[in-house]
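J.: Mind having a look at this structure? Questions to follow.
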Amino acid sequence: MLKAIHYINQFFGQVGGEDMADYEPEIRTGTVGCTQIFNSLAKDVEVTHTIICGDNFMASRTDEALARILAMLEGVEFDIFIAGPAFNAGRYGAACGEVCKAVKEKYDVPVITSMNEENPGVELFHKDMYIFRGGNRATFMKQDMEKLAAFADRIARGGKLLPAVMEGYFPRGIRHEVFLEDIGREPVMAADRVVDMMIAKLRGEPYQTELPMPALDRVPVAPAVKDLRKVRLALVTSGGIVPRENPDRIQSCSATKWGKYDISGLEKGFTAPEYKTIHAGYDPEQADRNPNVVVPLDAIRAYQREGRIGEVDDYYYTTVGTGTT
């Protein structure tokens with residue numbers, strides 16, 4: 001039986017929600033919360049310790065958090081490190097990636113996590129670890145844990161690990177020579193396979209290349225603004241600042257709409273309680289007290305009065321970024 005360590009955030013560690021997002025790293029013996037699901041599914045791997053850390057603490061004090069977690073693992077016997085699942089929670093996904101990468105580099109053990117394809121952690125860390133394709137919300141917990149447990153069991157048994165597309169994790173950009181019979185396919189000479197692909201392509205039929213090329217998602221950099229006094233500035237936010245009644249009923253997470261609201265009469269910035277946040281991904285207390293901490297209209301108006309920037313659009317545009325594609 002191999003031993004595993006499981007990393008989770010304050011929410012899944014049953015410490016609290018956004019009010020406890022600054023929770024400092026700690027290690028506990030045994031399982032906590034969703035860690036119990038992993039142990040109920042895995043047959044050859046057992047989580048012996050759980051590490052809990054608040055998402056804000058990891059995001060704002062990353063180096064300190066990683067140093068403390070790595071120090072906690074000194075003297076703890078483990079063979080595999082697991083994090084998440086992180087679903088489509090951006091801070092949590094980044095935290096799982098940061099911790100897994102640091103543990104892999106120091107302790108040289110397999111590290112496994114799970115995220116939804118829209119989680120920014122995938123783009124940041126898919127080359128560094130096994131990140132399994134996961135659901136976009138916590139209702140997929142059991143399904144995502146099943147993938148992690150099954151893969152951990154395969155590692156424990158010394159089984160042959162298959163290509164990413166077959167195992168279910170995001171490609172890491174690592175290419176290996178693979179014999180078809182080893183992955184349960186009929187051995188066919190390469191020359192015949194390429195001809196078959198060409199025929200399928202000419203016929204408009206589906207086919208799968210054996211050498212996929214990475215898609216480069218590059219956006220041209222806009223030219224620098226030479227004189228801010230001549231610009232017309234529009235304010236756009238994913239921080240969820242809306243008029244008090246939230247007239248367009250923008251959702252607090254996984255938003256499907258955005259709002260456009262007149263600010264031409266707000267000469268000194270947003271005021272509370274006339275404006276508030278509906279964002280479910282951070283503690284709203286400061287934003288509700290002063291919405292300008294999210295959309296700095298007060299500072300923009302001050303710059304206008306000083307002649308440092310040009311015009312400001314009469315409207316601002318807002319939505320919510322939590323779990324929103």
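Following the order of the structure tokens, first chain is A, next is B, and so on, with residues numbered from 1 inside each chain and ligands from 1 in the order they appear.
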I need the strand (DSSP E) residues of segment 20-262 of chain A per DSSP on the backbone, written as an MDAnalysis selection string.
T.: chainID A and resid 26:29 45:53 80:83 111:115 130:133 232:237 241:243 259:262
J.: At a cut-off of 12 Å, using only C-alpha atoms, what residues contact Glu105 of chain A? Leave out same-chain residues fewer than 3 positions from it and give the result as a list in words.
T.: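 Within the cut-off, the hits are Leu66, Leu70, Phe81, Glu98, Val99, Cys100, Lys101, Ala102, Asp108, Val109, Pro110, Val111, Asp128 and Met129 of chain A.
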J.: Just the selected residues (C-alpha atoms), exported as a PDB file, in the first residue's frame, please.
T.:
```pdb
ATOM      1  CA  LEU A  66       5.301  26.729  -0.312  1.00  0.00           C
ATOM      2  CA  LEU A  70       7.619  21.715   2.096  1.00  0.00           C
ATOM      3  CA  PHE A  81       1.115  13.718  -3.794  1.00  0.00           C
ATOM      4  CA  GLU A  98       2.088  25.631  -7.324  1.00  0.00           C
ATOM      5  CA  VAL A  99       2.118  23.031  -4.545  1.00  0.00           C
ATOM      6  CA  CYS A 100       2.370  20.022  -6.877  1.00  0.00           C
ATOM      7  CA  LYS A 101       5.244  21.565  -8.815  1.00  0.00           C
ATOM      8  CA  ALA A 102       7.164  22.419  -5.647  1.00  0.00           C
ATOM      9  CA  ASP A 108      10.636  13.611  -6.813  1.00  0.00           C
ATOM     10  CA  VAL A 109       7.329  11.779  -6.362  1.00  0.00           C
ATOM     11  CA  PRO A 110       4.391  11.548  -8.802  1.00  0.00           C
ATOM     12  CA  VAL A 111       2.012  14.521  -8.395  1.00  0.00           C
ATOM     13  CA  ASP A 128       4.689  20.047 -15.070  1.00  0.00           C
ATOM     14  CA  MET A 129       2.292  17.370 -13.789  1.00  0.00           C
TER      15      MET A 129
END
```
J.: Using only C-alpha atoms, pick whichever of A:Asp44, A:Asp217, A:Asp55, A:Glu267 has the shortest atom-to-atom distance to Asp19 of chain A.
T.: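 Ranking A:Asp44, A:Asp217, A:Asp55, A:Glu267 by distance to Asp19 of chain A, first place goes to A:Asp55.
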J.: What does the structure give for the distance between atom CA of Phe12 of chain A and atom CA of Gly84 of chain A, in Å to one decimal?
T.: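 Distance reported for this atom pair: 8.8 Å.
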J.: Taking 6 positions as the minimum chain separation for residues in the same chain, which residues sit within 9 Å of Val242 of chain A when counting only C-alpha atoms? Answer as a list in words.
T.: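 Surrounding residues, per the criterion: Ile250, Gly259, Tyr261, Glu274, Tyr275, Lys276, Thr277, Ile278, Thr318 and Thr319 of chain A.
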J.: Excluding same-chain residues fewer than 2 positions from Ile69 of chain A, what lies within 12 Å of it counting only C-alpha atoms, as a PyMOL selection string?
T.: chain A and resi 5-7+24-28+50-53+58+62-67+71-74+76+95+98-100+102-103+106
J.: Okay, now the selection with C-alpha atoms, as a tab-separated table (two decimals), in the first residue's frame?
T.:
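Just written: out31.tsv:
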```tsv
chain	number	residue	atom	x	y	z
A	5	ILE	CA	-0.48	13.32	0.91
A	6	HIS	CA	-3.55	15.32	-0.14
A	7	TYR	CA	-3.62	19.12	-0.56
A	24	GLU	CA	-2.35	29.57	7.09
A	25	PRO	CA	-0.96	26.20	5.93
A	26	GLU	CA	-1.33	23.28	8.29
A	27	ILE	CA	-0.88	19.52	8.07
A	28	ARG	CA	-3.25	17.07	9.72
A	50	THR	CA	-3.93	16.22	4.63
A	51	ILE	CA	-2.52	19.69	4.00
A	52	ILE	CA	-4.93	22.63	4.18
A	53	CYS	CA	-4.16	26.17	3.04
A	58	MET	CA	-1.34	30.80	-1.24
A	62	THR	CA	3.10	32.02	-2.39
A	63	ASP	CA	6.78	31.68	-1.51
A	64	GLU	CA	6.06	31.59	2.22
A	65	ALA	CA	3.20	29.11	1.79
A	66	LEU	CA	5.30	26.73	-0.31
A	67	ALA	CA	8.27	26.94	2.06
A	71	ALA	CA	8.97	22.00	5.64
A	72	MET	CA	5.86	20.22	6.97
A	73	LEU	CA	6.60	17.28	4.69
A	74	GLU	CA	10.09	16.78	6.10
A	76	VAL	CA	6.72	12.40	6.51
A	95	ALA	CA	-2.62	26.79	-5.73
A	98	GLU	CA	2.09	25.63	-7.32
A	99	VAL	CA	2.12	23.03	-4.54
A	100	CYS	CA	2.37	20.02	-6.88
A	102	ALA	CA	7.16	22.42	-5.65
A	103	VAL	CA	6.65	18.94	-4.15
A	106	LYS	CA	11.92	18.68	-4.02
```
J.: Do you know which residues are at most 12 Å from Glu311 of chain A counting only C-alpha atoms, after dropping those on the same chain fewer than 3 positions away, and could you put them as a PyMOL selection string?
T.: chain A and resi 228-235+264+300-301+303-305+307-308+314-315
J.: Go through segment 100-296 of chain A and collect every residue that DSSP, computed from the backbone, puts in helix (DSSP H, G or I); the answer should be as a ChimeraX atom specification.
T.: /A:100-107,120-125,138-156,164-167,180-183,190-202,228-230,285-289,291-293
J.: Store the residues picked out above, limited to C-alpha atoms, as a PDB file, in the first residue's frame.
T.:
```pdb
ATOM      1  CA  CYS A 100       2.370  20.022  -6.877  1.00  0.00           C
ATOM      2  CA  LYS A 101       5.244  21.565  -8.815  1.00  0.00           C
ATOM      3  CA  ALA A 102       7.164  22.419  -5.647  1.00  0.00           C
ATOM      4  CA  VAL A 103       6.654  18.944  -4.147  1.00  0.00           C
ATOM      5  CA  LYS A 104       7.672  17.239  -7.388  1.00  0.00           C
ATOM      6  CA  GLU A 105      10.860  19.276  -7.634  1.00  0.00           C
ATOM      7  CA  LYS A 106      11.916  18.676  -4.018  1.00  0.00           C
ATOM      8  CA  TYR A 107      10.704  15.147  -3.315  1.00  0.00           C
ATOM      9  CA  PRO A 120      -6.180  28.907 -15.640  1.00  0.00           C
ATOM     10  CA  GLY A 121      -4.132  26.392 -13.669  1.00  0.00           C
ATOM     11  CA  VAL A 122      -4.259  24.062 -16.679  1.00  0.00           C
ATOM     12  CA  GLU A 123      -2.501  26.561 -18.922  1.00  0.00           C
ATOM     13  CA  LEU A 124       0.027  27.390 -16.205  1.00  0.00           C
ATOM     14  CA  PHE A 125       0.975  23.882 -15.069  1.00  0.00           C
ATOM     15  CA  ALA A 138     -17.950  20.566  -6.897  1.00  0.00           C
ATOM     16  CA  THR A 139     -20.906  18.379  -7.905  1.00  0.00           C
ATOM     17  CA  PHE A 140     -18.344  16.478  -9.996  1.00  0.00           C
ATOM     18  CA  MET A 141     -16.264  15.655  -6.921  1.00  0.00           C
ATOM     19  CA  LYS A 142     -16.859  11.890  -6.948  1.00  0.00           C
ATOM     20  CA  GLN A 143     -16.267  11.507 -10.705  1.00  0.00           C
ATOM     21  CA  ASP A 144     -13.055  13.537 -10.549  1.00  0.00           C
ATOM     22  CA  MET A 145     -11.825  11.665  -7.481  1.00  0.00           C
ATOM     23  CA  GLU A 146     -12.455   8.368  -9.271  1.00  0.00           C
ATOM     24  CA  LYS A 147     -10.000   9.410 -12.004  1.00  0.00           C
ATOM     25  CA  LEU A 148      -7.337  10.428  -9.494  1.00  0.00           C
ATOM     26  CA  ALA A 149      -7.752   7.256  -7.454  1.00  0.00           C
ATOM     27  CA  ALA A 150      -7.654   4.981 -10.508  1.00  0.00           C
ATOM     28  CA  PHE A 151      -4.497   6.622 -11.820  1.00  0.00           C
ATOM     29  CA  ALA A 152      -2.811   6.533  -8.408  1.00  0.00           C
ATOM     30  CA  ASP A 153      -3.615   2.807  -8.223  1.00  0.00           C
ATOM     31  CA  ARG A 154      -2.020   2.262 -11.641  1.00  0.00           C
ATOM     32  CA  ILE A 155       1.136   3.969 -10.436  1.00  0.00           C
ATOM     33  CA  ALA A 156       1.102   1.893  -7.253  1.00  0.00           C
ATOM     34  CA  ALA A 164      -2.630  11.461 -22.143  1.00  0.00           C
ATOM     35  CA  VAL A 165      -5.618  11.122 -24.472  1.00  0.00           C
ATOM     36  CA  MET A 166      -6.199   7.570 -23.228  1.00  0.00           C
ATOM     37  CA  GLU A 167      -5.568   8.215 -19.540  1.00  0.00           C
ATOM     38  CA  LEU A 180       0.327  -0.102 -30.798  1.00  0.00           C
ATOM     39  CA  GLU A 181      -0.017  -3.520 -29.230  1.00  0.00           C
ATOM     40  CA  ASP A 182       0.948  -1.982 -25.871  1.00  0.00           C
ATOM     41  CA  ILE A 183      -2.128   0.259 -25.966  1.00  0.00           C
ATOM     42  CA  ALA A 190       3.351   3.572 -40.183  1.00  0.00           C
ATOM     43  CA  ALA A 191       3.210   3.903 -43.975  1.00  0.00           C
ATOM     44  CA  ASP A 192      -0.215   2.242 -44.012  1.00  0.00           C
ATOM     45  CA  ARG A 193      -1.479   4.382 -41.125  1.00  0.00           C
ATOM     46  CA  VAL A 194      -0.541   7.637 -42.842  1.00  0.00           C
ATOM     47  CA  VAL A 195      -2.216   6.535 -46.084  1.00  0.00           C
ATOM     48  CA  ASP A 196      -5.353   5.646 -44.142  1.00  0.00           C
ATOM     49  CA  MET A 197      -5.336   9.107 -42.561  1.00  0.00           C
ATOM     50  CA  MET A 198      -4.884  10.796 -45.933  1.00  0.00           C
ATOM     51  CA  ILE A 199      -7.786   8.838 -47.436  1.00  0.00           C
ATOM     52  CA  ALA A 200      -9.991   9.736 -44.469  1.00  0.00           C
ATOM     53  CA  LYS A 201      -9.044  13.405 -44.837  1.00  0.00           C
ATOM     54  CA  LEU A 202      -9.829  13.422 -48.573  1.00  0.00           C
ATOM     55  CA  LEU A 228      -3.238  59.532 -21.855  1.00  0.00           C
ATOM     56  CA  ARG A 229      -4.656  63.053 -22.060  1.00  0.00           C
ATOM     57  CA  LYS A 230      -6.063  62.217 -25.507  1.00  0.00           C
ATOM     58  CA  GLU A 285     -17.029  43.270   2.876  1.00  0.00           C
ATOM     59  CA  GLN A 286     -14.484  45.807   1.588  1.00  0.00           C
ATOM     60  CA  ALA A 287     -16.082  46.041  -1.865  1.00  0.00           C
ATOM     61  CA  ASP A 288     -19.529  46.663  -0.386  1.00  0.00           C
ATOM     62  CA  ARG A 289     -18.080  49.309   1.917  1.00  0.00           C
ATOM     63  CA  PRO A 291     -16.901  49.694  -4.494  1.00  0.00           C
ATOM     64  CA  ASN A 292     -13.988  51.792  -5.794  1.00  0.00           C
ATOM     65  CA  VAL A 293     -11.531  49.199  -4.432  1.00  0.00           C
TER      66      VAL A 293
END
```
J.: Go through A:Arg91, A:Met20, A:Thr113, A:Gln10 and flag the residue nearest Val32 of chain A, using only C-alpha atoms for the distances.
T.: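 Ranking A:Arg91, A:Met20, A:Thr113, A:Gln10 by distance to Val32 of chain A, first place goes to A:Gln10.
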J.: Write out as a PDB file with C-alpha atoms, in the first residue's frame the residues lying within 10 Å of Gln251 of chain A, counting only C-alpha atoms and excluding same-chain residues fewer than 6 positions away.
T.:
```pdb
ATOM      1  CA  GLY A 240     -19.277  42.105 -10.030  1.00  0.00           C
ATOM      2  CA  LYS A 257     -24.725  37.992 -18.912  1.00  0.00           C
ATOM      3  CA  TRP A 258     -23.118  41.374 -18.335  1.00  0.00           C
ATOM      4  CA  ILE A 278     -22.413  40.302  -6.284  1.00  0.00           C
ATOM      5  CA  HIS A 279     -19.185  38.347  -6.836  1.00  0.00           C
ATOM      6  CA  ALA A 280     -19.136  34.991  -5.017  1.00  0.00           C
ATOM      7  CA  THR A 319     -19.933  40.851 -15.026  1.00  0.00           C
ATOM      8  CA  VAL A 320     -18.696  38.199 -12.579  1.00  0.00           C
ATOM      9  CA  THR A 322     -16.139  33.247 -10.798  1.00  0.00           C
ATOM     10  CA  THR A 324     -17.286  32.229 -15.936  1.00  0.00           C
TER      11      THR A 324
END
```
J.: So, with only C-alpha atoms as the atoms that count, which of A:Val225, A:Gly134, A:Pro243, A:Thr31 lies closest to Ile309 of chain A?
T.: A:Val225
